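Chemist: Okay, handing you the structure first.
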Amino acid sequence: AFITSRLDSEVCLLWFHSSLRFGFACYAAGNMSSISVPPPKCLQKPLTVPYRHMFGPGPSNVPSRILEAGVNPVIGHMHPEIFEIMNDIKSGIQYMFQTQNKMTLAVSGTGHSAMECAIFNAVEPGDSVLVAVNGIWGERAAEMAERIGARVNTIVAPPGGCFTIEEMEKALSKHRPVLLFVAHGESSTGVLHPLDGIGQLCHKYNCLFLVDSVASIGGAPVYMDQQEIDILYTGSQKVLNAPPGTAPISFSERACQKIFSRRTKPVSFYLDLSWLANYWGCDGKPSRVYHHTGPVTAFYSLRESLSVLVEEGLENSWERHLKVAEYFHAGLESMGLKLFVKEKRLRLPTVTTIVAPYGYDWKEITSYIMKTHNLEISGGLRPSVGLVLRVGLMGCNSSRENVDMVLAALKDALKHCHKSKV
């Protein structure tokens with residue numbers, strides 16, 4: 001009996017300790033968070049964004065009218081009202097590009113996404129591609145084509161230069177590419193590349209003509225159909241003054257014939273034109289199929305920015321940008337500053353490149369102007385780094401009042417920034 005009672009006591013004791021440990025475990029589990037990363041304190045503060053004069057090469061300031069359009073209620077990206085807005089956008093892009101191409105849409109992404117959309121759809125592995133490189137955008141196009149297995153050849157002009165029709169034809173005859181890339185507005189060097197005659201030349205050699213107009217569209221004349229451009233794209237954040245994130249693009253019938261007779265699928269599903277064409281109602285099919293969630297609020301802003309351009313009129317916009325640029329250039333020269341692009345006809349009216357003032361550190365100049373005048377201008381980019389200062393006056397920013405503001409800021413910077421005596 002003694003042994004039995006002792007065993008019973010030990011069993012009870014073991015049970016008690018087990019219950020106690022289980023109770024502590026439950027208590028700890030109930031009072032210890034399962035997450036190991038605490039809530040970030042920075043997100044417990046309200047968002048504050050300063051206002052700045054965005055006079056660099058982009059993005060530009062967004063007018064209140066376009067900002068307000070972007071805060072309309074979010075509705076579904078497959079709702080009929082969104083399709084109507086997308087149709088409006090297509091009509092606006094056709095006007096801006098001066099084209100009747102049915103295959104006209106806006107890629108959900110920045111200008112780089114449109115560049116990749118053009119190259120990824122029009123070029124297959126092993127295809128010959130010719131790139132006219134006179135700044136960073138030719139370099140980028142060449143790299144994108146190389147990444148998908150194209151045989152890339154380049155013709156290269158020094159920063160600030162461009163190519164003659166004779167140079168183009170010589171390269172086309174030699175390399176027999178399926179596609180030629182040209183940047184119309186080379187924002188890294190401030191060059192406006194002539195387009196007349198290149199499209200006809202490309203078609204003589206059975207080659208598609210691809211043009212980057214991110215920095216030029218709306219600020220300088222482009223006639224997609226008349227100039228026989230096969231693929232043309234731009235971005236929303238320059239002359240259009242919309243937030244970054246949408247990229248208008250258009251394809252000619254000739255480009256579509258090559259794209260839709262490919263031997264292989266495009267490397268990107270997201271940028272596959274057959275899917276994008278359906279989502280944008282460009283393929284003639286009765287219904288649209290889900291491809292991706294379109295950025296509906298960005299569509300609102302893009303539509304409004306195109307509406308602003310339509311109200312002013314393309315030709316008026318071109319003339320305004322040219323006159324403001326000429327006024328700016330005259331002011332710079334009166335200060336003793338030099339323009340990087342020597343030939344007037346080759347100067348991009350939206351982005352001006354100024355020869356970096358001798359003896360000054362360009363970084364100190366841009367930093368001083370930002371800190372003192374709350375105004376952004378920038379230095380060079382890739383081949384033009386250290387050579388230039390870049391000032392962008394695009395869309396609503398293209399005005400004589402803003403020119404005067406930039407000139408005053410530059411004068412102040414040159415007065416107060418350190419100048420080397422060496």
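How things are named: the first chain in the structure tokens is A, the next is B, and so on; residues count from 1 in each chain; ligands count from 1 in the order shown.
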Based on the backbone DSSP call, show me all residues of range 74-277 of chain A assigned strand (DSSP E or B), as number ranges by chain.
Modeler: A: 103-108, 128-133, 151-156, 179-183, 185-186, 191-192, 208-212, 217, 220, 231-233, 246-251
Chemist: For the residues in that selection, give me C-alpha atoms as a compact mmCIF listing (two decimals), in the first residue's frame.
Modeler:
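Final output, result-v2.txt:
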# COMPACT_ATOMS: atom_id res chain seq x y z
CA MET A 103 -1.73 49.75 -82.84
CA THR A 104 -1.40 52.72 -80.50
CA LEU A 105 -1.41 52.41 -76.70
CA ALA A 106 0.39 53.30 -73.48
CA VAL A 107 2.69 50.82 -71.76
CA SER A 108 2.27 50.57 -67.99
CA SER A 128 20.68 42.25 -87.09
CA VAL A 129 20.03 45.58 -85.35
CA LEU A 130 21.64 48.94 -86.11
CA VAL A 131 21.78 51.58 -83.38
CA ALA A 132 22.73 55.21 -83.93
CA VAL A 133 24.58 56.14 -80.75
CA ARG A 151 23.50 40.95 -83.57
CA VAL A 152 23.99 44.61 -82.73
CA ASN A 153 26.03 47.05 -84.78
CA THR A 154 26.45 50.72 -83.95
CA ILE A 155 27.39 53.94 -85.61
CA VAL A 156 28.76 56.39 -83.07
CA LEU A 179 15.63 47.58 -87.23
CA LEU A 180 17.35 50.97 -86.91
CA PHE A 181 17.18 52.90 -83.62
CA VAL A 182 17.50 56.70 -83.45
CA ALA A 183 16.93 58.97 -80.45
CA GLY A 185 15.65 64.01 -78.50
CA GLU A 186 18.97 62.89 -76.96
CA VAL A 191 20.70 67.07 -79.52
CA LEU A 192 17.55 67.11 -81.66
CA LEU A 208 12.03 49.07 -89.48
CA PHE A 209 12.60 52.59 -88.15
CA LEU A 210 12.41 52.92 -84.34
CA VAL A 211 12.46 56.39 -82.78
CA ASP A 212 12.82 57.44 -79.12
CA ILE A 217 7.48 64.80 -78.26
CA ALA A 220 9.49 69.58 -81.33
CA ILE A 231 7.73 52.43 -83.97
CA LEU A 232 7.58 55.62 -81.91
CA TYR A 233 7.46 55.93 -78.12
CA THR A 246 2.95 55.51 -68.49
CA ALA A 247 4.68 55.36 -71.87
CA PRO A 248 2.79 56.05 -75.11
CA ILE A 249 3.86 53.89 -78.06
CA SER A 250 2.64 53.26 -81.60
CA PHE A 251 3.42 50.62 -84.25
Chemist: Under the rule of at most 9 Å, produce a per-residue listing of range 296-389 of chain A near range 135-145 of chain A: chain, number, name, the closest pair of atoms, and the distance in Å, as JSON lines, using only C-alpha atoms.
Modeler:
{"residue": "A:Leu381", "atom": "CA", "partner": "A:Ile136", "partner_atom": "CA", "distance": 7.2}
{"residue": "A:Arg382", "atom": "CA", "partner": "A:Ile136", "partner_atom": "CA", "distance": 6.0}
{"residue": "A:Pro383", "atom": "CA", "partner": "A:Gly135", "partner_atom": "CA", "distance": 6.2}
{"residue": "A:Ser384", "atom": "CA", "partner": "A:Gly135", "partner_atom": "CA", "distance": 7.8}
Chemist: How far is it from CA of Thr297 in chain A to CA of Gly92 in chain A, in Å with one decimal?
Modeler: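 Interatomic distance here is 16.9 Å.
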Chemist: What is the distance between CA of His112 in chain A and CA of Gly235 in chain A, in Å to one decimal?
Modeler: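 Going from CA of His112 in chain A over to CA of Gly235 in chain A covers 8.5 Å.
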Chemist: Would you mind telling me which residue in A:Val71, A:Met394, A:Leu43, A:Val310 lies nearest to Val214 in chain A when using only C-alpha atoms?
Modeler: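 Checking each of A:Val71, A:Met394, A:Leu43, A:Val310 against Val214 in chain A, counting only C-alpha atoms, the winner is A:Met394.
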Chemist: Report as a list of chain:residue names all protein, DNA and RNA residues lying within 12 Å of Met335 in chain A, evaluated on only C-alpha atoms, omitting residues in the same chain fewer than 2 positions from it.
Modeler: A:Phe328, A:His329, A:Ala330, A:Gly331, A:Leu332, A:Glu333, A:Leu337, A:Lys338, A:Leu339, A:Ile354, A:Pro357, A:Leu407, A:Ala408, A:Leu410, A:Lys411, A:Asp412, A:Leu414, A:Lys415
Chemist: Could you take the residues named above and write them with N, CA and C atoms, as a PDB file, in the first residue's frame?
Modeler:
ATOM      1  N   PHE A 328      16.124  81.531 -73.847  1.00  0.00           N
ATOM      2  CA  PHE A 328      17.054  80.984 -72.847  1.00  0.00           C
ATOM      3  C   PHE A 328      18.482  80.984 -73.383  1.00  0.00           C
ATOM      4  N   HIS A 329      18.656  80.532 -74.610  1.00  0.00           N
ATOM      5  CA  HIS A 329      20.001  80.457 -75.199  1.00  0.00           C
ATOM      6  C   HIS A 329      20.626  81.843 -75.301  1.00  0.00           C
ATOM      7  N   ALA A 330      19.834  82.831 -75.688  1.00  0.00           N
ATOM      8  CA  ALA A 330      20.344  84.203 -75.781  1.00  0.00           C
ATOM      9  C   ALA A 330      20.774  84.709 -74.401  1.00  0.00           C
ATOM     10  N   GLY A 331      19.996  84.386 -73.383  1.00  0.00           N
ATOM     11  CA  GLY A 331      20.337  84.794 -72.023  1.00  0.00           C
ATOM     12  C   GLY A 331      21.616  84.144 -71.527  1.00  0.00           C
ATOM     13  N   LEU A 332      21.796  82.876 -71.838  1.00  0.00           N
ATOM     14  CA  LEU A 332      23.014  82.170 -71.443  1.00  0.00           C
ATOM     15  C   LEU A 332      24.242  82.792 -72.109  1.00  0.00           C
ATOM     16  N   GLU A 333      24.108  83.046 -73.395  1.00  0.00           N
ATOM     17  CA  GLU A 333      25.245  83.611 -74.126  1.00  0.00           C
ATOM     18  C   GLU A 333      25.575  85.026 -73.644  1.00  0.00           C
ATOM     19  N   LEU A 337      28.195  82.236 -71.046  1.00  0.00           N
ATOM     20  CA  LEU A 337      28.163  80.777 -71.052  1.00  0.00           C
ATOM     21  C   LEU A 337      28.015  80.267 -72.486  1.00  0.00           C
ATOM     22  N   LYS A 338      28.508  79.065 -72.716  1.00  0.00           N
ATOM     23  CA  LYS A 338      28.500  78.498 -74.062  1.00  0.00           C
ATOM     24  C   LYS A 338      27.519  77.334 -74.151  1.00  0.00           C
ATOM     25  N   LEU A 339      26.862  77.237 -75.288  1.00  0.00           N
ATOM     26  CA  LEU A 339      25.958  76.120 -75.540  1.00  0.00           C
ATOM     27  C   LEU A 339      26.750  74.938 -76.091  1.00  0.00           C
ATOM     28  N   ILE A 354      24.489  73.113 -71.459  1.00  0.00           N
ATOM     29  CA  ILE A 354      25.400  74.249 -71.304  1.00  0.00           C
ATOM     30  C   ILE A 354      26.793  73.690 -71.032  1.00  0.00           C
ATOM     31  N   PRO A 357      30.894  75.395 -66.903  1.00  0.00           N
ATOM     32  CA  PRO A 357      31.764  76.577 -66.769  1.00  0.00           C
ATOM     33  C   PRO A 357      33.176  76.200 -66.312  1.00  0.00           C
ATOM     34  N   LEU A 407      18.222  81.669 -65.113  1.00  0.00           N
ATOM     35  CA  LEU A 407      19.365  82.559 -65.366  1.00  0.00           C
ATOM     36  C   LEU A 407      19.815  83.244 -64.083  1.00  0.00           C
ATOM     37  N   ALA A 408      18.868  83.699 -63.275  1.00  0.00           N
ATOM     38  CA  ALA A 408      19.209  84.341 -62.002  1.00  0.00           C
ATOM     39  C   ALA A 408      19.906  83.351 -61.070  1.00  0.00           C
ATOM     40  N   LEU A 410      21.665  80.695 -61.951  1.00  0.00           N
ATOM     41  CA  LEU A 410      23.002  80.425 -62.485  1.00  0.00           C
ATOM     42  C   LEU A 410      23.961  81.573 -62.161  1.00  0.00           C
ATOM     43  N   LYS A 411      23.509  82.812 -62.340  1.00  0.00           N
ATOM     44  CA  LYS A 411      24.349  83.967 -62.012  1.00  0.00           C
ATOM     45  C   LYS A 411      24.758  83.936 -60.544  1.00  0.00           C
ATOM     46  N   ASP A 412      23.821  83.624 -59.687  1.00  0.00           N
ATOM     47  CA  ASP A 412      24.090  83.563 -58.253  1.00  0.00           C
ATOM     48  C   ASP A 412      25.082  82.454 -57.931  1.00  0.00           C
ATOM     49  N   LEU A 414      27.358  81.091 -59.941  1.00  0.00           N
ATOM     50  CA  LEU A 414      28.695  81.407 -60.445  1.00  0.00           C
ATOM     51  C   LEU A 414      29.378  82.475 -59.579  1.00  0.00           C
ATOM     52  N   LYS A 415      28.579  83.278 -58.898  1.00  0.00           N
ATOM     53  CA  LYS A 415      29.132  84.306 -58.003  1.00  0.00           C
ATOM     54  C   LYS A 415      29.613  83.708 -56.685  1.00  0.00           C
TER      55      LYS A 415
END
Chemist: Using only C-alpha atoms, can you tell me which of A:His184, A:His53, A:His193, A:Lys285 comes closest to Ser213 in chain A?
Modeler: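 Among the listed residues, the smallest separation from Ser213 in chain A belongs to A:His184.
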Chemist: Which residues are near range 258-273 of chain A? Cut-off 9 Å, only C-alpha atoms, ignore same chain within fewer than 5 positions. Put them as a PyMOL selection string.
Modeler: chain A and resi 107+113-114+116-118+120-125+148+253+278+291-292
Chemist: With distances taken over only C-alpha atoms, which of A:Tyr205, A:Tyr51, A:Gly111, A:Ala409 is nearest to Tyr368 in chain A?
Modeler: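 So, comparing all the options, the nearest one is A:Ala409.
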Chemist: Among range 159-377 of chain A, which ones does DSSP place in alpha helix (DSSP H), written as a ChimeraX atom specification?
Modeler: /A:165-175,198-204,253-259,273-279,296-312,314-334,362-373
Chemist: So, counting only C-alpha atoms, which residue among A:Gly109, A:Gly336, A:Gly149, A:Pro243 is closest to Gly70 in chain A?
Modeler: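 Residue with the minimum atom-to-atom distance to Gly70 in chain A: A:Pro243.
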Chemist: Using only C-alpha atoms, find the one residue out of A:Ser274, A:Ser173, A:Ser187, A:Ser216 that sits nearest to His203 in chain A.
Modeler: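 So, comparing all the options, the nearest one is A:Ser173.
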